[in-house]
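Novice: The structure under discussion is supplied below as structure tokens; questions concerning it will follow.
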Amino acid sequence: MTSIISFRDATKVFPGRGRGQDVRAVDGVTLDVRAGEIFGVIGYSGAGKSTLVRLINALERVTSGDVVVDGVPLASLGEARLRPVRAGIGMIFQQFNLLASRTVAGNVAYPLEVAGWSRARRAARVAELLDFVGIGEKAGAYPSTLSGGQKQRVGIARALATEPRILLADEATSALDPETTQDVLALLQRVNRELGITVVVITHEMDVVRSICHRVAVMEHGQVVEVGDAYQVFSAPGHEVTRRFVETALRDRPSSAVLARLRKRHAGRIVTVGVDEVAGSSAVLTRVLREHGVDGTVVYGGITEVAERPYGSLTVELVGGGGAVEGAVAALRAVTSVADHGTAAHPAPDAGPVTPPGKETKR
Amino acid sequence: MTWDRLGPLLWEAFGQTAYMVLITLVVGGFFGLVLGLGLYLTRPGNLLAHRVVFAVLNVAVNVVRPVPFIIFLVALGPLTRLFVGRIIGIEAFTFSMCFMASFVFARLVEQNLVTIDPGVVEAARAMGASPLRIVRTVLIPEALAPLILGYTFLFVGVLDMSAIGGYLGAGGLGDFAIVYGYRQYDWAVTAVVVVIIVLIVQVVQALGNRLARRALRR
Ligand SMILES: Nc1ncnc2c1ncn2[C@@H]1O[C@H](COP(=O)(O)OP(=O)(O)OP(=O)(O)O)[C@@H](O)[C@H]1O
Ligand SMILES: [Mg+2]
């Protein structure tokens, strides 16, 4: 697989204001974004995500190291030589950044004017783009009259105008409500699939990564602390920050308060069983319980999709005679991760935090 | 004096004021815009950030602007002589007006530009636009409405400056009011001039408001 963006020990230092300390916003990042993928960058506020992505179109210049985009090392290019490189990279923003003095069509035409397209070609291209993002009827409207979702569609149309190979999205959905967020994410996915454009998505919402990213990098203090296949990172987060993000996106594991309430309602043995593509689907659970003659009642949990593959956990109450329950738990442990919470009468206080499947092997 | 004789003199004074004000609006407006853009662009963190240039422009504007115009006229004397050849007369006076108006307008322009969302400039930069293009297609269009209002404000200020044209023998409505009204104890003449000036200001202000509103239609 070829990389289209390649950070090579890229570092960006902002000089401190007054007597303040210098800020290493991006600190020695080496990273490859592959052609054709949707690549996520996640991290808390101030982690350096925006700075990292702005190095790609050289809105910020590296202090040391380099960023190679489509085979072109940017560090050595002067401002004038960078302009055509920027024109070949689309970018969308959290606050949309549309020109209030221009209509929707005028905004989408802007990059085409910069690129020197003729008026007639511009008009045709603008119509085509507005159709693609689904707001053809708004061509003559001014941005102030549009909803957030519509504004971001204009932003996307504008970013795609000059047929870039890369689209950068800096918190593109953070100003939108959940439903509009889904619409815009679906549109980004279409951009990636139908147009083959590499998309770099910056976010602090793990849900965004979960919905559309193929691969993800986790940033903290200017450094990439973890990078990999989105599904792998979800199922086996290796870094504390990643783990916290994963927990925000997956609410299928009971907290201790939830567990206490579950124990009140259910007297039997309560276990949380991981469900994922690697460890097996819930069919495995059903089969094991049947084989051991154990009754299982789902009391909590859920299965969702990460990178379009199933992922989650189910918390079940197990009821059976003799050693049947013990046998079933042992059999489950052999195929997936199991957190045993004990029974209401004999709670297992030391079940520990309920871990996502696969994580135990990493510890 | 009767209006038979005053009429033509008033008309002449009106012409002198129009000459001074219009030239100052064009020249001062142009250089004010350039200076204001310079201030904005070279400000730390902006497109053409340049510490030294910014500091020089900023200090120059801060020093010139608060000087009372009548003192500024005298202070600028040597420069006026250099450029115009003499330090009295309507040309010399207009030169000083242009100078002062440039600095006044520069600050107005800069103050309007800083209200533009930096994100919009960033978006244009990300699309590969050059600084000159950004000035032309982003900064000025985005700030057009306040710029028009600022220009209207400048007009009133320039009209005000022109009133002391008599000191340098430049004539104008202000001079007319002093010579034929104040000094002759003819309050009617003064009143007529005041009414004319008020009317001009009203008309121009209304026009400015209207153009600004049209520029804001979004
Ligand atoms: N132009 C600048 N000058 C000085 N410091 C800066 C500049 N831009 C960013 N920084 C600093 O660099 C660090 C990283 O900022 P950055 O905007 O990249 O973070 P982020 O991960 O995008 O955060 P957020 O989620 O809040 O957008 C922060 O400490 C920030 O204060
Ligand atoms: Mg950011």
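In the structure tokens, each chain is lettered A, B, ... as it comes, each chain's residues begin at 1, and ligands are numbered from 1 in order of appearance.
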Define the interface residues of chain B facing chain A as those within 9 Å, counting only C-alpha atoms, and report them as a list in words.
Specialist: Asp117, Pro118, Gly119, Val120, Val121, Glu122, Ala123, Ala124, Arg125, Ala126, Met127, Gly128, Ala129, Ser130, Arg133, Thr137, Val138, Pro141, Glu142, Ala143, Leu144, Ala215, Leu216, Arg217 and Arg218 of chain B
Novice: Might you pull out every residue within 9 Å of Ala344 of chain A, with only C-alpha atoms counted and same-chain residues fewer than 5 positions away left off, and present them as a ChimeraX atom specification?
Specialist: /A:260,262-270
Novice: Residues within 12 Å of ligand 2, counting only C-alpha atoms and all ligand atoms: report them as a list in words.
Specialist: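 My answer, listing the contacting residues, is Ala25, Val41, Ile42, Gly43, Tyr44, Ser45, Gly46, Ala47, Gly48, Lys49, Ser50, Thr51, Leu52, Val53, Arg54, Phe93, Gln94, Gln95, Ala169, Asp170, Glu171, Ala172, Ser174, Val201, Ile202, Thr203, His204, Met219 and Gly222 of chain A.
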Novice: Output N, CA, C and O atoms of each residue in that selection to a file, as a short mmCIF file (atom, residue, chain, number, x, y, z; two decimals), in the first residue's frame.
Specialist:
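Produced file part.cif, reproduced below:
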data_model
loop_
_atom_site.label_atom_id
_atom_site.label_comp_id
_atom_site.auth_asym_id
_atom_site.auth_seq_id
_atom_site.Cartn_x
_atom_site.Cartn_y
_atom_site.Cartn_z
N ALA A 25 3.86 21.75 19.78
CA ALA A 25 2.50 21.35 19.41
C ALA A 25 2.49 20.01 18.70
O ALA A 25 1.58 19.20 18.87
N VAL A 41 -7.60 11.19 13.33
CA VAL A 41 -6.64 11.64 14.35
C VAL A 41 -7.48 12.07 15.54
O VAL A 41 -8.31 12.97 15.42
N ILE A 42 -7.29 11.38 16.67
CA ILE A 42 -8.10 11.71 17.84
C ILE A 42 -7.20 12.11 18.99
O ILE A 42 -6.05 11.68 19.08
N GLY A 43 -7.71 12.96 19.84
CA GLY A 43 -6.93 13.41 21.00
C GLY A 43 -7.72 14.49 21.71
O GLY A 43 -8.65 15.06 21.15
N TYR A 44 -7.32 14.77 22.95
CA TYR A 44 -8.02 15.80 23.71
C TYR A 44 -7.61 17.17 23.21
O TYR A 44 -6.64 17.33 22.46
N SER A 45 -8.33 18.17 23.67
CA SER A 45 -8.04 19.55 23.28
C SER A 45 -6.60 19.91 23.62
O SER A 45 -6.12 19.61 24.71
N GLY A 46 -5.91 20.50 22.66
CA GLY A 46 -4.54 20.91 22.89
C GLY A 46 -3.52 19.83 22.60
O GLY A 46 -2.32 20.03 22.76
N ALA A 47 -3.97 18.66 22.15
CA ALA A 47 -3.06 17.56 21.88
C ALA A 47 -2.18 17.82 20.66
O ALA A 47 -1.13 17.21 20.49
N GLY A 48 -2.64 18.74 19.80
CA GLY A 48 -1.83 19.06 18.61
C GLY A 48 -2.43 18.54 17.31
O GLY A 48 -1.78 18.55 16.27
N LYS A 49 -3.69 18.12 17.35
CA LYS A 49 -4.33 17.57 16.15
C LYS A 49 -4.42 18.58 15.02
O LYS A 49 -4.05 18.29 13.88
N SER A 50 -4.92 19.77 15.35
CA SER A 50 -5.07 20.78 14.30
C SER A 50 -3.72 21.16 13.70
O SER A 50 -3.58 21.29 12.49
N THR A 51 -2.75 21.30 14.57
CA THR A 51 -1.42 21.66 14.08
C THR A 51 -0.90 20.57 13.16
O THR A 51 -0.36 20.85 12.09
N LEU A 52 -1.10 19.32 13.56
CA LEU A 52 -0.64 18.20 12.74
C LEU A 52 -1.26 18.25 11.35
O LEU A 52 -0.58 18.14 10.34
N VAL A 53 -2.56 18.47 11.30
CA VAL A 53 -3.24 18.43 10.00
C VAL A 53 -2.88 19.66 9.18
O VAL A 53 -2.80 19.61 7.96
N ARG A 54 -2.60 20.78 9.85
CA ARG A 54 -2.23 21.99 9.11
C ARG A 54 -0.81 21.91 8.55
O ARG A 54 -0.44 22.70 7.69
N PHE A 93 -13.77 22.85 7.80
CA PHE A 93 -13.49 23.39 9.13
C PHE A 93 -14.69 23.23 10.06
O PHE A 93 -15.83 23.15 9.62
N GLN A 94 -14.41 23.28 11.35
CA GLN A 94 -15.47 23.19 12.35
C GLN A 94 -16.47 24.33 12.19
O GLN A 94 -17.67 24.12 12.25
N GLN A 95 -15.96 25.56 11.97
CA GLN A 95 -16.87 26.72 11.85
C GLN A 95 -17.19 27.03 10.38
O GLN A 95 -17.58 28.14 10.05
N ALA A 169 -10.31 17.24 7.24
CA ALA A 169 -11.52 17.68 7.96
C ALA A 169 -11.15 17.92 9.42
O ALA A 169 -10.92 16.98 10.18
N ASP A 170 -11.09 19.20 9.80
CA ASP A 170 -10.71 19.54 11.18
C ASP A 170 -11.98 19.74 12.01
O ASP A 170 -12.61 20.79 11.94
N GLU A 171 -12.34 18.76 12.81
CA GLU A 171 -13.54 18.84 13.66
C GLU A 171 -14.77 19.23 12.84
O GLU A 171 -15.56 20.07 13.25
N ALA A 172 -14.89 18.61 11.68
CA ALA A 172 -15.91 19.05 10.72
C ALA A 172 -17.33 18.85 11.22
O ALA A 172 -18.27 19.46 10.71
N SER A 174 -18.07 18.86 14.71
CA SER A 174 -18.18 19.20 16.13
C SER A 174 -19.21 20.27 16.42
O SER A 174 -19.66 20.43 17.54
N VAL A 201 -9.46 12.83 9.05
CA VAL A 201 -10.49 13.37 9.93
C VAL A 201 -9.90 13.63 11.31
O VAL A 201 -9.34 12.72 11.93
N ILE A 202 -10.03 14.87 11.77
CA ILE A 202 -9.59 15.19 13.13
C ILE A 202 -10.80 15.25 14.02
O ILE A 202 -11.82 15.82 13.63
N THR A 203 -10.70 14.67 15.20
CA THR A 203 -11.89 14.69 16.06
C THR A 203 -11.51 14.46 17.51
O THR A 203 -10.41 13.99 17.81
N HIS A 204 -12.38 14.85 18.41
CA HIS A 204 -12.19 14.42 19.79
C HIS A 204 -13.35 13.50 20.19
O HIS A 204 -13.51 13.19 21.35
N MET A 219 -3.45 11.00 19.66
CA MET A 219 -2.41 11.99 20.00
C MET A 219 -2.53 12.46 21.43
O MET A 219 -3.62 12.59 21.98
N GLY A 222 1.28 16.39 21.67
CA GLY A 222 2.02 16.55 20.42
C GLY A 222 2.58 15.27 19.84
O GLY A 222 3.17 15.28 18.77
#
Novice: Would you please work out which residue, of A:Ile135, A:Leu285, A:Leu129, A:Val224, is nearest to ligand 1 when using only C-alpha atoms and all ligand atoms?
Specialist: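 For ligand 1, the nearest of the given residues is A:Val224.
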Novice: Determine, counting only C-alpha atoms, which protein, DNA and RNA residues have an atom within 9 Å of an atom of Pro131 of chain B; residues of the same chain fewer than 5 positions away are not included. Present the result as a list in words.
Specialist: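 What passes the distance filter is Leu41, Leu47, Leu48, Arg125 and Arg136 of chain B.
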Novice: Interatomic distance between atom CA of Leu159 of chain B and atom CA of Leu76 of chain B?
Specialist: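 One can read the atom CA of Leu159 of chain B to atom CA of Leu76 of chain B distance as 19.4 Å.
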Novice: Per residue of segment 102-201 of chain B within 10 Å of segment 54-58 of chain B, record the nearest atom pair and its distance in Å to one decimal, counting only C-alpha atoms, with rows in chain order and ascending residue number, as CSV.
Specialist:
residue,atom,partner,partner_atom,distance
B:Phe103,CA,B:Leu57,CA,9.6
B:Ala106,CA,B:Leu57,CA,9.6
B:Arg107,CA,B:Asn58,CA,8.9
Novice: Would you mind reading off the distance between atom CA of Glu179 of chain A and atom CA of Arg153 of chain A, one decimal, in Å?
Specialist: 14.2 Å
Novice: So which bits of chain B end up helix (DSSP H, G or I) when you DSSP the backbone, as a PyMOL selection string?
Specialist: chain B and resi 3-42+51-64+69-75+77-84+90-113+118-126+131-142+144-162+165-168+173-182+187-216
Novice: Compile the contact shell of segment 5-20 of chain A as a PDB file with N, CA and C atoms, in the first residue's frame: residues with an atom at most 8 Å away, counting only C-alpha atoms, same-chain residues fewer than 4 positions apart removed.
Specialist:
ATOM      1  N   ARG A  24       5.622  22.686  22.133  1.00  0.00           N
ATOM      2  CA  ARG A  24       5.882  21.672  21.103  1.00  0.00           C
ATOM      3  C   ARG A  24       4.539  21.074  20.700  1.00  0.00           C
ATOM      4  N   ALA A  25       3.855  21.747  19.780  1.00  0.00           N
ATOM      5  CA  ALA A  25       2.500  21.354  19.411  1.00  0.00           C
ATOM      6  C   ALA A  25       2.493  20.007  18.696  1.00  0.00           C
ATOM      7  N   VAL A  26       3.501  19.780  17.856  1.00  0.00           N
ATOM      8  CA  VAL A  26       3.686  18.473  17.231  1.00  0.00           C
ATOM      9  C   VAL A  26       5.129  18.086  17.512  1.00  0.00           C
ATOM     10  N   ASP A  27       5.293  16.876  18.075  1.00  0.00           N
ATOM     11  CA  ASP A  27       6.592  16.537  18.648  1.00  0.00           C
ATOM     12  C   ASP A  27       7.122  15.223  18.074  1.00  0.00           C
ATOM     13  N   GLY A  28       7.882  15.342  16.992  1.00  0.00           N
ATOM     14  CA  GLY A  28       8.537  14.151  16.435  1.00  0.00           C
ATOM     15  C   GLY A  28       7.581  13.083  15.948  1.00  0.00           C
ATOM     16  N   VAL A  29       6.626  13.488  15.121  1.00  0.00           N
ATOM     17  CA  VAL A  29       5.643  12.517  14.629  1.00  0.00           C
ATOM     18  C   VAL A  29       6.122  11.870  13.338  1.00  0.00           C
ATOM     19  N   THR A  30       6.122  10.555  13.335  1.00  0.00           N
ATOM     20  CA  THR A  30       6.386   9.800  12.115  1.00  0.00           C
ATOM     21  C   THR A  30       5.152   8.944  11.859  1.00  0.00           C
ATOM     22  N   LEU A  31       4.576   9.123  10.683  1.00  0.00           N
ATOM     23  CA  LEU A  31       3.249   8.554  10.462  1.00  0.00           C
ATOM     24  C   LEU A  31       2.979   8.497   8.964  1.00  0.00           C
ATOM     25  N   ASP A  32       2.302   7.446   8.523  1.00  0.00           N
ATOM     26  CA  ASP A  32       1.934   7.372   7.109  1.00  0.00           C
ATOM     27  C   ASP A  32       0.430   7.270   6.951  1.00  0.00           C
ATOM     28  N   VAL A  33      -0.110   8.060   6.052  1.00  0.00           N
ATOM     29  CA  VAL A  33      -1.519   7.942   5.698  1.00  0.00           C
ATOM     30  C   VAL A  33      -1.555   7.290   4.327  1.00  0.00           C
ATOM     31  N   ARG A  34      -2.322   6.216   4.219  1.00  0.00           N
ATOM     32  CA  ARG A  34      -2.327   5.472   2.963  1.00  0.00           C
ATOM     33  C   ARG A  34      -3.311   6.070   1.973  1.00  0.00           C
ATOM     34  N   ALA A  35      -2.971   5.954   0.717  1.00  0.00           N
ATOM     35  CA  ALA A  35      -3.845   6.475  -0.339  1.00  0.00           C
ATOM     36  C   ALA A  35      -5.180   5.753  -0.294  1.00  0.00           C
ATOM     37  N   THR A  51      -2.748  21.299  14.572  1.00  0.00           N
ATOM     38  CA  THR A  51      -1.418  21.662  14.079  1.00  0.00           C
ATOM     39  C   THR A  51      -0.900  20.570  13.156  1.00  0.00           C
ATOM     40  N   ILE A  56      -0.020  19.345   6.869  1.00  0.00           N
ATOM     41  CA  ILE A  56      -0.214  18.627   5.608  1.00  0.00           C
ATOM     42  C   ILE A  56      -0.390  19.602   4.446  1.00  0.00           C
ATOM     43  N   ARG A  61       4.283  25.581   8.988  1.00  0.00           N
ATOM     44  CA  ARG A  61       5.510  24.951   8.476  1.00  0.00           C
ATOM     45  C   ARG A  61       6.181  24.171   9.599  1.00  0.00           C
ATOM     46  N   VAL A  62       6.809  23.031   9.234  1.00  0.00           N
ATOM     47  CA  VAL A  62       7.503  22.252  10.253  1.00  0.00           C
ATOM     48  C   VAL A  62       8.695  23.035  10.787  1.00  0.00           C
ATOM     49  N   THR A  63       8.972  22.829  12.083  1.00  0.00           N
ATOM     50  CA  THR A  63      10.172  23.409  12.673  1.00  0.00           C
ATOM     51  C   THR A  63      11.364  22.525  12.341  1.00  0.00           C
ATOM     52  N   SER A  64      11.118  21.195  12.388  1.00  0.00           N
ATOM     53  CA  SER A  64      12.136  20.252  11.920  1.00  0.00           C
ATOM     54  C   SER A  64      11.415  19.017  11.420  1.00  0.00           C
ATOM     55  N   GLY A  65      12.170  18.140  10.740  1.00  0.00           N
ATOM     56  CA  GLY A  65      11.528  16.997  10.108  1.00  0.00           C
ATOM     57  C   GLY A  65      10.899  17.421   8.797  1.00  0.00           C
ATOM     58  N   ASP A  66       9.997  16.590   8.282  1.00  0.00           N
ATOM     59  CA  ASP A  66       9.391  16.923   6.990  1.00  0.00           C
ATOM     60  C   ASP A  66       8.023  16.268   6.875  1.00  0.00           C
ATOM     61  N   VAL A  67       7.239  16.780   5.949  1.00  0.00           N
ATOM     62  CA  VAL A  67       5.976  16.149   5.604  1.00  0.00           C
ATOM     63  C   VAL A  67       5.975  15.976   4.091  1.00  0.00           C
ATOM     64  N   VAL A  68       5.800  14.736   3.661  1.00  0.00           N
ATOM     65  CA  VAL A  68       5.815  14.457   2.228  1.00  0.00           C
ATOM     66  C   VAL A  68       4.386  14.196   1.770  1.00  0.00           C
ATOM     67  N   VAL A  69       3.905  15.017   0.848  1.00  0.00           N
ATOM     68  CA  VAL A  69       2.537  14.872   0.362  1.00  0.00           C
ATOM     69  C   VAL A  69       2.576  14.537  -1.113  1.00  0.00           C
ATOM     70  N   ASP A  70       2.055  13.357  -1.455  1.00  0.00           N
ATOM     71  CA  ASP A  70       2.038  12.948  -2.854  1.00  0.00           C
ATOM     72  C   ASP A  70       3.444  12.991  -3.455  1.00  0.00           C
TER      73      ASP A  70
END
Novice: Taking the chain letters and numbering used in this document, name the residues of segment 21-67 of chain A that DSSP puts in strand (DSSP E), as a list in words.
Specialist: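 The residues of segment 21-67 of chain A classed as strand (DSSP E) are Val23, Arg24, Ala25, Val26, Asp27, Gly28, Val29, Thr30, Leu31, Asp32, Val33, Arg34, Ile38, Phe39, Gly40, Val41, Ile42, Gly43, Ser64, Gly65, Asp66 and Val67 of chain A.
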Novice: Which residue is closest to ligand 1? Choose from B:Met20, B:Gly38, B:Val27, B:Asn46 and count only C-alpha atoms and all ligand atoms.
Specialist: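 Smallest distance to ligand 1 is found for B:Asn46.
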Novice: Please report the interatomic distance between atom CA of Tyr182 of chain B and atom CA of Val194 of chain B in Å with one decimal.
Specialist: 12.1 Å
Novice: So that I can see what lies close to Ile140 of chain B, please list as a list in words the residues with an atom at most 12 Å from it, counting only C-alpha atoms and leaving out residues fewer than 5 positions away in the same chain.
Specialist: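 Contacts, with the query itself left out: Leu99, Ala100 and Ser101 of chain A; Leu33, Val34, Gly36, Leu37, Tyr40, Val109, Glu110, Asn112, Leu113, Val114, Thr115, Ile116, Val121, Leu132, Arg133, Ile134, Val135, Ala145, Pro146, Leu147, Ile148 and Ala215 of chain B.
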Novice: Pick out the closest residue to ligand 1 from this set: A:Ile38, A:Ala139, A:Leu289, A:Leu55. Count only C-alpha atoms and all ligand atoms.
Specialist: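 Counting only C-alpha atoms and all ligand atoms, the residue closest to ligand 1 is A:Leu55.
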Novice: Between A:Gly140, A:Ile4, A:Val298, A:Val209, which has the minimum distance to Phe245 of chain A (counting only C-alpha atoms)?
Specialist: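 Ranking A:Gly140, A:Ile4, A:Val298, A:Val209 by distance to Phe245 of chain A, first place goes to A:Val209.
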Novice: Need to verify the contact set: Ile70 of chain B, 9 Å, only C-alpha atoms, exclusion of same-chain residues closer than 4 positions in sequence. Can you return it as a PyMOL selection string?
Specialist: chain B and resi 74+161+164+167
Novice: Go ahead and dump the residues you just picked, N, CA, C and O atoms, as a PDB file, in the first residue's frame.
Specialist:
ATOM      1  N   VAL B  74       0.877  73.266  10.564  1.00  0.00           N
ATOM      2  CA  VAL B  74       2.146  73.965  10.737  1.00  0.00           C
ATOM      3  C   VAL B  74       3.295  72.962  10.734  1.00  0.00           C
ATOM      4  O   VAL B  74       4.302  73.146  10.047  1.00  0.00           O
ATOM      5  N   MET B 161     -12.341  69.274   8.785  1.00  0.00           N
ATOM      6  CA  MET B 161     -10.988  69.806   8.572  1.00  0.00           C
ATOM      7  C   MET B 161     -11.007  70.984   7.607  1.00  0.00           C
ATOM      8  O   MET B 161     -10.301  71.978   7.797  1.00  0.00           O
ATOM      9  N   ILE B 164     -11.241  75.016   8.394  1.00  0.00           N
ATOM     10  CA  ILE B 164     -10.203  75.982   8.787  1.00  0.00           C
ATOM     11  C   ILE B 164      -9.300  76.329   7.611  1.00  0.00           C
ATOM     12  O   ILE B 164      -8.193  76.829   7.783  1.00  0.00           O
ATOM     13  N   TYR B 167      -7.190  79.672   7.197  1.00  0.00           N
ATOM     14  CA  TYR B 167      -5.886  79.932   7.795  1.00  0.00           C
ATOM     15  C   TYR B 167      -4.763  79.890   6.773  1.00  0.00           C
ATOM     16  O   TYR B 167      -3.757  80.539   6.906  1.00  0.00           O
TER      17      TYR B 167
END
